[in-house]
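Content type TSV, C-alpha atoms, from the file protein-v5.tsv:
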```tsv
chain	number	residue	atom	x	y	z
A	1	MET	CA	0.00	0.00	0.00
A	2	ALA	CA	1.40	3.35	-1.03
A	3	VAL	CA	1.78	5.94	1.66
A	4	ASP	CA	0.74	9.45	0.76
A	5	ARG	CA	3.55	11.77	1.62
A	6	MET	CA	2.70	15.22	2.72
A	7	THR	CA	4.63	17.75	0.75
A	8	ALA	CA	5.48	21.12	2.13
A	9	PRO	CA	4.12	24.08	0.20
A	10	PRO	CA	6.72	25.97	-1.80
A	11	PRO	CA	8.43	28.73	0.17
A	12	GLU	CA	7.05	32.22	-0.15
A	13	PRO	CA	9.17	34.41	-2.42
A	14	THR	CA	11.46	36.85	-0.66
A	15	LEU	CA	11.18	40.58	-1.25
A	16	ASP	CA	14.31	40.38	-3.38
A	17	ASP	CA	12.67	37.60	-5.44
A	18	ILE	CA	9.61	39.79	-5.98
A	19	ALA	CA	11.77	42.81	-6.87
A	20	ARG	CA	13.83	40.75	-9.31
A	21	GLU	CA	10.75	39.61	-11.20
A	22	ARG	CA	9.36	43.14	-11.33
A	23	ILE	CA	12.69	44.54	-12.61
A	24	LYS	CA	12.83	41.84	-15.28
A	25	ALA	CA	9.28	42.73	-16.35
A	26	TRP	CA	10.13	46.44	-16.52
A	27	LEU	CA	13.28	45.78	-18.53
A	28	LYS	CA	11.38	43.66	-21.02
A	29	ALA	CA	8.36	45.93	-21.31
A	30	THR	CA	10.38	49.11	-21.79
A	31	GLY	CA	13.19	47.66	-23.90
A	32	THR	CA	15.68	49.04	-21.40
A	33	THR	CA	18.95	47.10	-21.16
A	34	GLN	CA	20.67	45.98	-18.00
A	35	THR	CA	23.65	48.10	-19.06
A	36	GLU	CA	21.51	51.24	-19.33
A	37	VAL	CA	20.18	50.72	-15.81
A	38	CYS	CA	23.61	49.94	-14.41
A	39	ASP	CA	25.19	53.00	-15.97
A	40	ARG	CA	22.69	55.12	-14.03
A	41	ILE	CA	23.13	53.36	-10.68
A	42	GLY	CA	26.89	52.94	-10.76
A	43	LYS	CA	26.92	49.17	-11.14
A	44	THR	CA	28.18	46.86	-13.87
A	45	GLN	CA	26.03	44.80	-16.20
A	46	GLY	CA	27.60	41.71	-14.63
A	47	TRP	CA	26.36	42.85	-11.23
A	48	MET	CA	22.80	43.21	-12.59
A	49	SER	CA	22.95	39.84	-14.31
A	50	ARG	CA	24.06	38.12	-11.11
A	51	TYR	CA	21.45	39.99	-9.03
A	52	LEU	CA	18.65	39.01	-11.41
A	53	ALA	CA	19.91	35.41	-11.32
A	54	ALA	CA	19.48	35.48	-7.52
A	55	GLU	CA	23.16	34.99	-6.78
A	56	PHE	CA	22.85	37.64	-4.06
A	57	ASN	CA	20.46	40.21	-2.61
A	58	THR	CA	20.88	43.97	-2.73
A	59	ASP	CA	20.13	46.92	-0.48
A	60	LEU	CA	17.05	49.12	-0.43
A	61	GLU	CA	18.89	52.19	-1.71
A	62	THR	CA	19.90	50.32	-4.86
A	63	LEU	CA	16.36	49.05	-5.36
A	64	LYS	CA	15.07	52.59	-4.87
A	65	ALA	CA	17.48	53.85	-7.53
A	66	ILE	CA	16.42	51.13	-9.96
A	67	ALA	CA	12.73	51.85	-9.41
A	68	GLY	CA	13.43	55.56	-9.93
A	69	ILE	CA	14.92	54.89	-13.36
A	70	PHE	CA	11.54	53.49	-14.37
A	71	ARG	CA	9.80	56.46	-12.67
A	72	HIS	CA	8.33	54.36	-9.89
A	73	PRO	CA	8.60	54.52	-6.12
A	74	ILE	CA	10.39	51.64	-4.44
A	75	THR	CA	7.04	50.28	-3.25
A	76	ALA	CA	6.12	49.45	-6.87
A	77	LEU	CA	8.76	46.73	-6.75
A	78	PHE	CA	6.89	44.86	-4.01
A	79	ASP	CA	3.22	45.45	-4.83
A	80	VAL	CA	1.96	41.99	-5.80
A	81	PRO	CA	-1.79	41.38	-5.97
A	82	SER	CA	-2.97	37.86	-5.16
A	83	ASP	CA	-5.03	37.55	-8.36
A	84	PRO	CA	-2.77	36.67	-11.36
A	85	ASP	CA	-4.82	38.80	-13.77
A	86	ASP	CA	-4.59	41.79	-11.44
A	87	ALA	CA	-0.85	41.20	-11.11
A	88	LEU	CA	-0.44	41.14	-14.91
A	89	LEU	CA	-2.42	44.36	-15.32
A	90	LEU	CA	-0.32	46.03	-12.65
A	91	ASP	CA	2.92	44.82	-14.25
A	92	VAL	CA	1.84	46.17	-17.64
A	93	PHE	CA	0.80	49.48	-16.09
A	94	HIS	CA	4.07	49.88	-14.15
A	95	ALA	CA	6.10	49.15	-17.25
A	96	MET	CA	4.46	51.96	-19.25
A	97	PRO	CA	5.83	55.45	-19.65
A	98	PRO	CA	3.64	58.19	-18.10
A	99	ASP	CA	1.82	59.04	-21.37
A	100	GLY	CA	1.05	55.35	-21.92
A	101	ARG	CA	-0.33	55.09	-18.41
A	102	GLN	CA	-2.67	57.99	-19.05
A	103	LEU	CA	-3.96	56.36	-22.23
A	104	TYR	CA	-4.36	53.03	-20.42
A	105	LEU	CA	-6.42	54.69	-17.69
A	106	GLN	CA	-8.55	56.58	-20.21
A	107	LEU	CA	-9.25	53.37	-22.12
A	108	GLY	CA	-10.25	51.56	-18.93
A	109	GLN	CA	-12.50	54.41	-17.87
A	110	HIS	CA	-14.09	54.55	-21.32
A	111	MET	CA	-14.71	50.79	-21.37
A	112	THR	CA	-16.40	50.89	-17.96
A	113	ALA	CA	-18.29	54.18	-18.33
A	114	GLY	CA	-21.90	53.85	-17.29
A	115	ARG	CA	-21.41	50.42	-15.76
A	116	LYS	CA	-21.92	49.60	-12.15
A	117	THR	CA	-19.16	47.30	-11.06
A	118	GLY	CA	-20.07	44.62	-8.64
A	119	GLY	CA	-16.59	43.72	-7.53
A	120	ARG	CA	-14.53	41.48	-9.77
A	121	GLY	CA	-14.76	41.58	-13.50
A	122	GLY	CA	-16.61	44.88	-13.87
A	123	ARG	CA	-19.81	43.05	-14.79
A	124	LYS	CA	-22.94	45.05	-15.41
A	125	LYS	CA	-25.61	44.64	-12.76
```
Can you present the structure in this file as structure tokens?
Amino acid sequence: MAVDRMTAPPPEPTLDDIARERIKAWLKATGTTQTEVCDRIGKTQGWMSRYLAAEFNTDLETLKAIAGIFRHPITALFDVPSDPDDALLLDVFHAMPPDGRQLYLQLGQHMTAGRKTGGRGGRKK
């Protein structure tokens, strides 16, 4: 008779893990290179590559500087909604330049104008 083994849930991601994933998303979405970011924060591209590969963690001042390059506060690196769709929307929004954000908001407002939202999904009641 086979014995069911209880498996431990995967460990929660660390704040550095969350920040790494957000930085990767911002780099990809904006077409910004690791070198461009590193030139502005006084680090090498090798440093960024190793940080993003989780070889080490970094300090809050460095994370603040990186977030600032993308015109975000440091808190944007750690804001992770529990719903995957919400998380994706937030990632896309944070990756946009300011004029893109404004257009994104206007589109969302236009698409929901005149609707009463009953919580999730913006469904008409």
**Request:** Quick one: everything within 9 Å of region 48-61 of chain A, counting all atoms listed in the file, minus sequence neighbours fewer than 3 positions away in the same chain. Send it as a list in words.
**Result:**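 After dropping sequence-adjacent residues, the list is Asp16, Asp17, Arg20, Glu21, Ile23, Lys24, Gln34, Thr35, Val37, Cys38, Lys43, Thr44, Gln45, Lys64, Ala65, Ile66 and Ile74 of chain A.
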**Prompt:** Neighbours of region 77-88 of chain A within 8 Å (all atoms listed in the file; same-chain residues fewer than 6 positions away dropped), as a list in words?
**Reply:**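 In the requested form, the answer reads Leu15, Ile18, Ala19, Arg22, Ile23 and Ala67 of chain A.
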**Request:** Could you check how far CA of Pro13 (chain A) sits from CA of Leu27 (chain A), in Å to one decimal?
**Result:**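 CA of Leu27 (chain A) lies at a distance of 20.1 Å from CA of Pro13 (chain A).
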**Which of A:Leu105, A:Ile41, A:Ala113, A:Met6 sits closest to Leu89 (chain A) [using only C-alpha atoms]** = A:Leu105
Work out where the centre of an axis-aligned box around every listed atom of region 83-96 of chain A lies and how long its edges are once 6 Å is added on each side; give both in Å to one decimal as JSON.
```
{"center_x": 0.5, "center_y": 44.3, "center_z": -13.8, "size_x": 23.1, "size_y": 27.3, "size_z": 22.9}
```
**Asked** Nearest to His94 (chain A): which of A:Arg40, A:His110, A:Arg5, A:Lys28 is it, counting all atoms listed in the file?
**Response** A:Lys28
**Item:** Which of A:Asp39, A:Thr75, A:Gly31, A:Phe70 sits closest to Pro97 (chain A) [using only C-alpha atoms]
**Value:** A:Phe70
**Prompt:** Could you state the separation of CA of Trp26 (chain A) and CA of Asp91 (chain A) in Å, given to one decimal place?
**Reply:**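 These atoms are spaced 7.7 Å apart.
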**Asked** Any idea what the distance is between CA of Leu90 (chain A) and CA of Gly42 (chain A)?
**Response** 28.1 Å
